[in-house]
Each structure stands twice: as structure tokens, then as C-alpha cells.
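Peer 1: Handing you this structure, nothing more for now.
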Amino acid sequence: MIVFSLLHPHQAKPIKTWTFDVCDVLRVGRASSSDIVLHSSIVSRRHLELWNHESHWELINFGANGTFVDGKPVEQLTIENQVVIRLGSAGPLLRIECQSTPKAPTRQVARERKPLPETSIPVPPTSDDPL
């Protein structure tokens with residue numbers, strides 16, 4: 001499970017929270033197709049993604065204005081417990097709290113594989129074999 005909290009800019013208390021169960025990728029941005037949509041001119045349409053690995057989450061920045069942790073820009077960041085990020089140098093603050101989760105099943109439908117039929121392949125005779 002992973003929990004995002006949009007923090008008040010001056011009091012660091014949550015003003016909105018999103019909770020997600022097991023999934024492969026979470027998207028944050030201005031685009032309506034994002035899992036977390038933030039309407040701010042500082043936030044890119046596709047600002048960042050969080051990828052679920054077996055033992056941790058990985059944050060990947062795609063935002064033109066950057067993603068910051070403790071005032072320092074990050075392009076990639078491993079998240080194992082909790083982190084507070086800022087979208088852009090003066091944009092919204094998000095607290096991300098995650099628990100290690102098993103890798104989510106892919107979104108493709110698994111198909112049952114049927115064994116291939118056995119076929120006999122002719123073997124050329126050797127010099128010891130009678131013809």
C-alpha cells in the first residue's frame with residue numbers, strides 16, 4: 001500500500017490524501033489520466049511516476065520544473081518508507097508513505113499455455129544401423 005498526502009504549504013498538515021493498494025506504476029501530474037491530478041502551473045502534465053519493485057518504490061522525475069527532496073533536485077529516488085517531495089522549486093508538497101509490497105501482477109491477462117504436441121523427428125541412420 002502507498003499513501004500520498006498533499007501537505008498545507010505552511011503547516012505541513014495533510015489537506016488531501018490518496019491511498020493505493022498494490023499496483024505497478026502510479027502517475028502524478030496535471031493530466032487527467034494521472035492517478036493523482038494536481039492543478040498547478042508548476043506541475044507538469046506528466047510530472048513523476050512511482051514504480052513498484054519487489055522491495056521498494058522508485059520515484060522517477062519527468063517534470064520540467066523538477067522534483068525536490070530537502071531542497072535538492074532528484075531525477076530518481078528509491079523510497080522504502082516515507083519521504084516529503086516538492087514538485088517544482090516552489091510547488092506543492094507531497095508526503096509519500098509506502099510499505100514494501102509484493103510485485104503487482106501485470107495488467108495483461110495471463111493465458112494458459114498448452115504443451116506442444118509431441119512430434120517424431122526422423123533421425124538419419126548411422127553406419128552401424130542396418131537399412
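In the C-alpha cells, chains take letters A, B, ... by order of appearance, with residues numbered from 1 within each chain and ligands from 1 in the order shown.
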Give me, as a ChimeraX atom specification, all polymer residues having an atom no more than 10 Å from Val28 of chain A, counting only C-alpha atoms and skipping those fewer than 2 positions away in the same chain.
Peer 2: /A:26,30-38,43-50,61-63,87
Peer 1: Mind dumping the selected residues with N, CA and C atoms as a PDB file, in the first residue's frame?
Peer 2:
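The resulting file, result08.pdb, is shown below:
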ATOM      1  N   LEU A  26       2.374   4.337 -10.479  1.00  0.00           N
ATOM      2  CA  LEU A  26       1.480   5.445 -10.132  1.00  0.00           C
ATOM      3  C   LEU A  26       2.001   6.701 -10.807  1.00  0.00           C
ATOM      4  N   ARG A  30      -0.512  16.964 -13.972  1.00  0.00           N
ATOM      5  CA  ARG A  30      -1.692  17.762 -14.305  1.00  0.00           C
ATOM      6  C   ARG A  30      -2.655  17.023 -15.222  1.00  0.00           C
ATOM      7  N   ALA A  31      -2.167  16.043 -15.974  1.00  0.00           N
ATOM      8  CA  ALA A  31      -3.006  15.323 -16.936  1.00  0.00           C
ATOM      9  C   ALA A  31      -4.140  14.591 -16.229  1.00  0.00           C
ATOM     10  N   SER A  32      -5.305  14.614 -16.843  1.00  0.00           N
ATOM     11  CA  SER A  32      -6.464  13.949 -16.236  1.00  0.00           C
ATOM     12  C   SER A  32      -6.286  12.436 -16.171  1.00  0.00           C
ATOM     13  N   SER A  33      -5.359  11.890 -16.940  1.00  0.00           N
ATOM     14  CA  SER A  33      -5.098  10.453 -16.908  1.00  0.00           C
ATOM     15  C   SER A  33      -4.181  10.041 -15.749  1.00  0.00           C
ATOM     16  N   SER A  34      -3.669  11.014 -14.998  1.00  0.00           N
ATOM     17  CA  SER A  34      -2.783  10.713 -13.860  1.00  0.00           C
ATOM     18  C   SER A  34      -3.579  10.070 -12.732  1.00  0.00           C
ATOM     19  N   ASP A  35      -2.899   9.269 -11.920  1.00  0.00           N
ATOM     20  CA  ASP A  35      -3.546   8.693 -10.736  1.00  0.00           C
ATOM     21  C   ASP A  35      -3.793   9.769  -9.687  1.00  0.00           C
ATOM     22  N   ILE A  36      -2.852  10.709  -9.601  1.00  0.00           N
ATOM     23  CA  ILE A  36      -3.005  11.876  -8.713  1.00  0.00           C
ATOM     24  C   ILE A  36      -2.908  13.105  -9.598  1.00  0.00           C
ATOM     25  N   VAL A  37      -4.018  13.821  -9.705  1.00  0.00           N
ATOM     26  CA  VAL A  37      -4.080  15.016 -10.544  1.00  0.00           C
ATOM     27  C   VAL A  37      -3.926  16.242  -9.654  1.00  0.00           C
ATOM     28  N   LEU A  38      -2.920  17.068  -9.964  1.00  0.00           N
ATOM     29  CA  LEU A  38      -2.677  18.302  -9.223  1.00  0.00           C
ATOM     30  C   LEU A  38      -2.754  19.479 -10.193  1.00  0.00           C
ATOM     31  N   VAL A  43       3.267  22.195 -11.870  1.00  0.00           N
ATOM     32  CA  VAL A  43       3.233  20.746 -12.058  1.00  0.00           C
ATOM     33  C   VAL A  43       3.094  20.428 -13.549  1.00  0.00           C
ATOM     34  N   SER A  44       3.958  19.558 -14.053  1.00  0.00           N
ATOM     35  CA  SER A  44       3.898  19.128 -15.449  1.00  0.00           C
ATOM     36  C   SER A  44       2.726  18.173 -15.658  1.00  0.00           C
ATOM     37  N   ARG A  45       2.320  18.033 -16.911  1.00  0.00           N
ATOM     38  CA  ARG A  45       1.235  17.083 -17.205  1.00  0.00           C
ATOM     39  C   ARG A  45       1.614  15.680 -16.729  1.00  0.00           C
ATOM     40  N   ARG A  46       2.828  15.301 -16.993  1.00  0.00           N
ATOM     41  CA  ARG A  46       3.378  14.013 -16.519  1.00  0.00           C
ATOM     42  C   ARG A  46       4.588  14.367 -15.663  1.00  0.00           C
ATOM     43  N   HIS A  47       4.359  14.649 -14.393  1.00  0.00           N
ATOM     44  CA  HIS A  47       5.435  15.169 -13.549  1.00  0.00           C
ATOM     45  C   HIS A  47       6.349  14.059 -13.017  1.00  0.00           C
ATOM     46  N   LEU A  48       5.743  13.009 -12.476  1.00  0.00           N
ATOM     47  CA  LEU A  48       6.564  11.915 -11.954  1.00  0.00           C
ATOM     48  C   LEU A  48       5.789  10.624 -11.960  1.00  0.00           C
ATOM     49  N   GLU A  49       6.540   9.545 -11.840  1.00  0.00           N
ATOM     50  CA  GLU A  49       5.959   8.218 -11.705  1.00  0.00           C
ATOM     51  C   GLU A  49       6.623   7.511 -10.540  1.00  0.00           C
ATOM     52  N   LEU A  50       5.870   6.649  -9.892  1.00  0.00           N
ATOM     53  CA  LEU A  50       6.419   5.757  -8.874  1.00  0.00           C
ATOM     54  C   LEU A  50       6.250   4.338  -9.375  1.00  0.00           C
ATOM     55  N   ASN A  61      11.469  11.270 -11.923  1.00  0.00           N
ATOM     56  CA  ASN A  61      11.028  12.620 -12.267  1.00  0.00           C
ATOM     57  C   ASN A  61      10.943  12.784 -13.777  1.00  0.00           C
ATOM     58  N   PHE A  62       9.836  13.320 -14.263  1.00  0.00           N
ATOM     59  CA  PHE A  62       9.672  13.696 -15.663  1.00  0.00           C
ATOM     60  C   PHE A  62       9.335  15.175 -15.787  1.00  0.00           C
ATOM     61  N   GLY A  63       9.137  15.850 -14.651  1.00  0.00           N
ATOM     62  CA  GLY A  63       8.675  17.236 -14.650  1.00  0.00           C
ATOM     63  C   GLY A  63       9.715  18.222 -15.135  1.00  0.00           C
ATOM     64  N   LEU A  87       7.076  19.430  -5.763  1.00  0.00           N
ATOM     65  CA  LEU A  87       7.001  19.449  -7.217  1.00  0.00           C
ATOM     66  C   LEU A  87       7.341  20.854  -7.676  1.00  0.00           C
TER      67      LEU A  87
END
Peer 1: Tell me, as a tab-separated table (two decimals) with N, CA, C and O atoms, in the first residue's frame, which residues lie within 7 Å of segment 12-23 of chain A, counting only C-alpha atoms; anything in the same chain fewer than 2 positions away does not count.
Peer 2:
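So result_29.tsv came out as:
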chain	number	residue	atom	x	y	z
A	1	MET	N	0.84	-1.17	0.00
A	1	MET	CA	0.00	0.00	0.00
A	1	MET	C	0.89	1.24	0.00
A	1	MET	O	1.97	1.24	0.57
A	2	ILE	N	0.41	2.29	-0.67
A	2	ILE	CA	1.14	3.55	-0.71
A	2	ILE	C	0.13	4.68	-0.49
A	2	ILE	O	-0.98	4.64	-1.01
A	3	VAL	N	0.55	5.67	0.32
A	3	VAL	CA	-0.33	6.78	0.68
A	3	VAL	C	0.35	8.09	0.31
A	3	VAL	O	1.50	8.32	0.68
A	4	PHE	N	-0.35	8.92	-0.45
A	4	PHE	CA	0.11	10.26	-0.80
A	4	PHE	C	-0.71	11.25	-0.01
A	4	PHE	O	-1.92	11.14	0.05
A	5	SER	N	-0.03	12.25	0.56
A	5	SER	CA	-0.73	13.33	1.26
A	5	SER	C	-0.26	14.65	0.69
A	5	SER	O	0.94	14.93	0.68
A	6	LEU	N	-1.21	15.46	0.22
A	6	LEU	CA	-0.91	16.82	-0.20
A	6	LEU	C	-0.84	17.64	1.07
A	6	LEU	O	-1.80	17.67	1.85
A	7	LEU	N	0.30	18.27	1.31
A	7	LEU	CA	0.51	18.99	2.57
A	7	LEU	C	0.21	20.48	2.43
A	7	LEU	O	0.48	21.08	1.38
A	8	HIS	N	-0.31	21.06	3.49
A	8	HIS	CA	-0.52	22.50	3.55
A	8	HIS	C	0.85	23.17	3.42
A	8	HIS	O	1.82	22.73	4.04
A	9	PRO	N	0.96	24.23	2.63
A	9	PRO	CA	2.28	24.81	2.37
A	9	PRO	C	2.99	25.40	3.59
A	9	PRO	O	4.22	25.48	3.60
A	10	HIS	N	2.24	25.78	4.63
A	10	HIS	CA	2.89	26.43	5.78
A	10	HIS	C	2.80	25.61	7.06
A	10	HIS	O	3.60	25.81	7.96
A	25	VAL	N	2.55	0.92	-11.37
A	25	VAL	CA	3.02	2.29	-11.58
A	25	VAL	C	1.95	3.26	-11.14
A	25	VAL	O	0.76	3.05	-11.40
A	52	ASN	N	6.66	0.30	-8.71
A	52	ASN	CA	6.66	-0.68	-7.63
A	52	ASN	C	7.64	-1.81	-7.96
A	52	ASN	O	7.47	-2.52	-8.94
A	101	THR	N	5.68	-3.90	-0.90
A	101	THR	CA	4.57	-4.74	-1.32
A	101	THR	C	5.09	-5.72	-2.35
A	101	THR	O	6.04	-5.45	-3.06
A	104	ALA	N	3.16	-6.29	-8.10
A	104	ALA	CA	1.79	-6.42	-8.58
A	104	ALA	C	1.75	-7.28	-9.84
A	104	ALA	O	2.68	-7.27	-10.62
Peer 1: Compile the contact shell of segment 78-84 of chain A as a list in words: residues with an atom at most 9 Å away, counting only C-alpha atoms, same-chain residues fewer than 5 positions apart removed.
Peer 2: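 Here the answer would be Ser55, His56, Trp57, Glu58, Leu59, Phe68, Val69, Asp70, Leu93, Leu94, Arg95, Ile96, Glu97, Cys98, Gln99 and Ser100 of chain A.
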Peer 1: For the residues in the current selection, export N, CA and C atoms as a PDB file, in the first residue's frame.
Peer 2:
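Full text of part-v9.pdb as output:
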ATOM      1  N   SER A  55      10.916  -4.866  -3.437  1.00  0.00           N
ATOM      2  CA  SER A  55      11.319  -4.478  -2.080  1.00  0.00           C
ATOM      3  C   SER A  55      11.213  -2.976  -1.813  1.00  0.00           C
ATOM      4  N   HIS A  56      10.897  -2.192  -2.829  1.00  0.00           N
ATOM      5  CA  HIS A  56      10.837  -0.735  -2.640  1.00  0.00           C
ATOM      6  C   HIS A  56      10.066  -0.089  -3.788  1.00  0.00           C
ATOM      7  N   TRP A  57       9.817   1.199  -3.643  1.00  0.00           N
ATOM      8  CA  TRP A  57       9.228   2.014  -4.700  1.00  0.00           C
ATOM      9  C   TRP A  57      10.331   2.914  -5.251  1.00  0.00           C
ATOM     10  N   GLU A  58      10.248   3.210  -6.534  1.00  0.00           N
ATOM     11  CA  GLU A  58      11.229   4.085  -7.162  1.00  0.00           C
ATOM     12  C   GLU A  58      10.508   5.274  -7.786  1.00  0.00           C
ATOM     13  N   LEU A  59      10.916   6.479  -7.400  1.00  0.00           N
ATOM     14  CA  LEU A  59      10.364   7.708  -7.952  1.00  0.00           C
ATOM     15  C   LEU A  59      11.207   8.108  -9.160  1.00  0.00           C
ATOM     16  N   PHE A  68      11.883  17.846  -5.925  1.00  0.00           N
ATOM     17  CA  PHE A  68      12.900  18.190  -4.928  1.00  0.00           C
ATOM     18  C   PHE A  68      12.655  17.453  -3.616  1.00  0.00           C
ATOM     19  N   VAL A  69      13.753  17.043  -2.986  1.00  0.00           N
ATOM     20  CA  VAL A  69      13.739  16.459  -1.643  1.00  0.00           C
ATOM     21  C   VAL A  69      14.747  17.255  -0.825  1.00  0.00           C
ATOM     22  N   ASP A  70      14.308  17.827   0.276  1.00  0.00           N
ATOM     23  CA  ASP A  70      15.164  18.667   1.123  1.00  0.00           C
ATOM     24  C   ASP A  70      15.840  19.772   0.317  1.00  0.00           C
ATOM     25  N   LEU A  93       3.674  20.370  -1.962  1.00  0.00           N
ATOM     26  CA  LEU A  93       4.403  19.386  -1.147  1.00  0.00           C
ATOM     27  C   LEU A  93       3.574  18.113  -1.063  1.00  0.00           C
ATOM     28  N   LEU A  94       4.227  16.977  -1.285  1.00  0.00           N
ATOM     29  CA  LEU A  94       3.579  15.678  -1.155  1.00  0.00           C
ATOM     30  C   LEU A  94       4.380  14.811  -0.195  1.00  0.00           C
ATOM     31  N   ARG A  95       3.679  14.199   0.748  1.00  0.00           N
ATOM     32  CA  ARG A  95       4.325  13.192   1.598  1.00  0.00           C
ATOM     33  C   ARG A  95       3.937  11.836   1.018  1.00  0.00           C
ATOM     34  N   ILE A  96       4.929  10.990   0.823  1.00  0.00           N
ATOM     35  CA  ILE A  96       4.702   9.653   0.290  1.00  0.00           C
ATOM     36  C   ILE A  96       5.080   8.654   1.371  1.00  0.00           C
ATOM     37  N   GLU A  97       4.118   7.845   1.768  1.00  0.00           N
ATOM     38  CA  GLU A  97       4.357   6.791   2.762  1.00  0.00           C
ATOM     39  C   GLU A  97       4.090   5.462   2.078  1.00  0.00           C
ATOM     40  N   CYS A  98       5.089   4.603   2.064  1.00  0.00           N
ATOM     41  CA  CYS A  98       4.889   3.334   1.382  1.00  0.00           C
ATOM     42  C   CYS A  98       5.358   2.178   2.232  1.00  0.00           C
ATOM     43  N   GLN A  99       4.746   1.057   1.937  1.00  0.00           N
ATOM     44  CA  GLN A  99       5.152  -0.190   2.546  1.00  0.00           C
ATOM     45  C   GLN A  99       5.645  -1.062   1.421  1.00  0.00           C
ATOM     46  N   SER A 100       6.627  -1.880   1.703  1.00  0.00           N
ATOM     47  CA  SER A 100       7.082  -2.823   0.683  1.00  0.00           C
ATOM     48  C   SER A 100       5.928  -3.737   0.359  1.00  0.00           C
TER      49      SER A 100
END
Peer 1: Hey, can you check how far atom CA of Ser40 of chain A sits from atom CA of Asn65 of chain A?
Peer 2: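 A separation of 11.6 Å between them.
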Peer 1: Mind checking DSSP for segment 7-92 of chain A and telling me the strand (DSSP E or B) residues as a ChimeraX atom specification?
Peer 2: /A:7,14-20,25-29,36-37,48-52,57-61,67-69,72-74,76-79,82-87
Peer 1: Could you dump the residues just selected with N, CA and C atoms as a compact mmCIF listing (two decimals), in the first residue's frame?
Peer 2:
# COMPACT_ATOMS: atom_id res chain seq x y z
N LEU A 7 0.30 18.27 1.31
CA LEU A 7 0.51 18.99 2.57
C LEU A 7 0.21 20.48 2.43
N PRO A 14 -1.72 17.39 6.33
CA PRO A 14 -2.39 16.93 5.11
C PRO A 14 -3.69 17.69 4.85
N ILE A 15 -3.87 18.09 3.58
CA ILE A 15 -5.14 18.71 3.20
C ILE A 15 -5.91 17.80 2.24
N LYS A 16 -5.23 16.80 1.67
CA LYS A 16 -5.88 15.79 0.84
C LYS A 16 -5.00 14.55 0.85
N THR A 17 -5.64 13.37 0.83
CA THR A 17 -4.90 12.11 0.89
C THR A 17 -5.43 11.13 -0.15
N TRP A 18 -4.52 10.39 -0.77
CA TRP A 18 -4.86 9.33 -1.72
C TRP A 18 -4.19 8.05 -1.22
N THR A 19 -4.92 6.95 -1.25
CA THR A 19 -4.38 5.65 -0.84
C THR A 19 -4.54 4.67 -1.99
N PHE A 20 -3.48 3.92 -2.27
CA PHE A 20 -3.50 2.95 -3.35
C PHE A 20 -3.05 1.60 -2.82
N VAL A 25 2.55 0.92 -11.37
CA VAL A 25 3.02 2.29 -11.58
C VAL A 25 1.95 3.26 -11.14
N LEU A 26 2.37 4.34 -10.48
CA LEU A 26 1.48 5.44 -10.13
C LEU A 26 2.00 6.70 -10.81
N ARG A 27 1.10 7.47 -11.39
CA ARG A 27 1.48 8.69 -12.11
C ARG A 27 0.93 9.92 -11.40
N VAL A 28 1.77 10.95 -11.30
CA VAL A 28 1.39 12.21 -10.68
C VAL A 28 1.61 13.32 -11.71
N GLY A 29 0.61 14.18 -11.88
CA GLY A 29 0.76 15.28 -12.82
C GLY A 29 -0.53 16.04 -13.02
N ILE A 36 -2.85 10.71 -9.60
CA ILE A 36 -3.01 11.88 -8.71
C ILE A 36 -2.91 13.10 -9.60
N VAL A 37 -4.02 13.82 -9.70
CA VAL A 37 -4.08 15.02 -10.54
C VAL A 37 -3.93 16.24 -9.65
N LEU A 48 5.74 13.01 -12.48
CA LEU A 48 6.56 11.92 -11.95
C LEU A 48 5.79 10.62 -11.96
N GLU A 49 6.54 9.54 -11.84
CA GLU A 49 5.96 8.22 -11.70
C GLU A 49 6.62 7.51 -10.54
N LEU A 50 5.87 6.65 -9.89
CA LEU A 50 6.42 5.76 -8.87
C LEU A 50 6.25 4.34 -9.38
N TRP A 51 7.37 3.61 -9.43
CA TRP A 51 7.37 2.24 -9.91
C TRP A 51 7.50 1.30 -8.72
N ASN A 52 6.66 0.30 -8.71
CA ASN A 52 6.66 -0.68 -7.63
C ASN A 52 7.64 -1.81 -7.96
N TRP A 57 9.82 1.20 -3.64
CA TRP A 57 9.23 2.01 -4.70
C TRP A 57 10.33 2.91 -5.25
N GLU A 58 10.25 3.21 -6.53
CA GLU A 58 11.23 4.09 -7.16
C GLU A 58 10.51 5.27 -7.79
N LEU A 59 10.92 6.48 -7.40
CA LEU A 59 10.36 7.71 -7.95
C LEU A 59 11.21 8.11 -9.16
N ILE A 60 10.54 8.43 -10.27
CA ILE A 60 11.21 8.89 -11.48
C ILE A 60 10.62 10.26 -11.83
N ASN A 61 11.47 11.27 -11.92
CA ASN A 61 11.03 12.62 -12.27
C ASN A 61 10.94 12.78 -13.78
N THR A 67 11.63 17.79 -9.40
CA THR A 67 11.11 17.24 -8.15
C THR A 67 12.22 17.38 -7.13
N PHE A 68 11.88 17.85 -5.92
CA PHE A 68 12.90 18.19 -4.93
C PHE A 68 12.65 17.45 -3.62
N VAL A 69 13.75 17.04 -2.99
CA VAL A 69 13.74 16.46 -1.64
C VAL A 69 14.75 17.26 -0.82
N LYS A 72 16.84 19.76 -2.70
CA LYS A 72 17.77 19.29 -3.74
C LYS A 72 16.99 18.56 -4.83
N PRO A 73 17.31 18.85 -6.10
CA PRO A 73 16.60 18.16 -7.18
C PRO A 73 16.96 16.68 -7.25
N VAL A 74 15.96 15.86 -7.57
CA VAL A 74 16.18 14.42 -7.75
C VAL A 74 15.59 14.00 -9.09
N GLN A 76 15.87 10.41 -9.87
CA GLN A 76 15.42 9.09 -9.44
C GLN A 76 15.67 8.99 -7.94
N LEU A 77 14.76 8.30 -7.26
CA LEU A 77 14.88 8.18 -5.81
C LEU A 77 14.24 6.88 -5.37
N THR A 78 14.97 6.09 -4.59
CA THR A 78 14.42 4.88 -4.00
C THR A 78 13.67 5.26 -2.73
N ILE A 79 12.44 4.79 -2.61
CA ILE A 79 11.62 5.09 -1.42
C ILE A 79 11.29 3.77 -0.75
N GLN A 82 9.17 6.54 3.94
CA GLN A 82 8.45 7.80 3.81
C GLN A 82 9.40 8.89 3.33
N VAL A 83 8.85 9.83 2.53
CA VAL A 83 9.63 10.96 2.05
C VAL A 83 8.66 12.10 1.75
N VAL A 84 9.14 13.34 1.91
CA VAL A 84 8.37 14.51 1.52
C VAL A 84 9.05 15.10 0.30
N ILE A 85 8.28 15.30 -0.77
CA ILE A 85 8.82 15.85 -2.01
C ILE A 85 8.10 17.15 -2.34
N ARG A 86 8.76 17.99 -3.11
CA ARG A 86 8.16 19.22 -3.62
C ARG A 86 8.20 19.15 -5.13
N LEU A 87 7.08 19.43 -5.76
CA LEU A 87 7.00 19.45 -7.22
C LEU A 87 7.34 20.85 -7.68
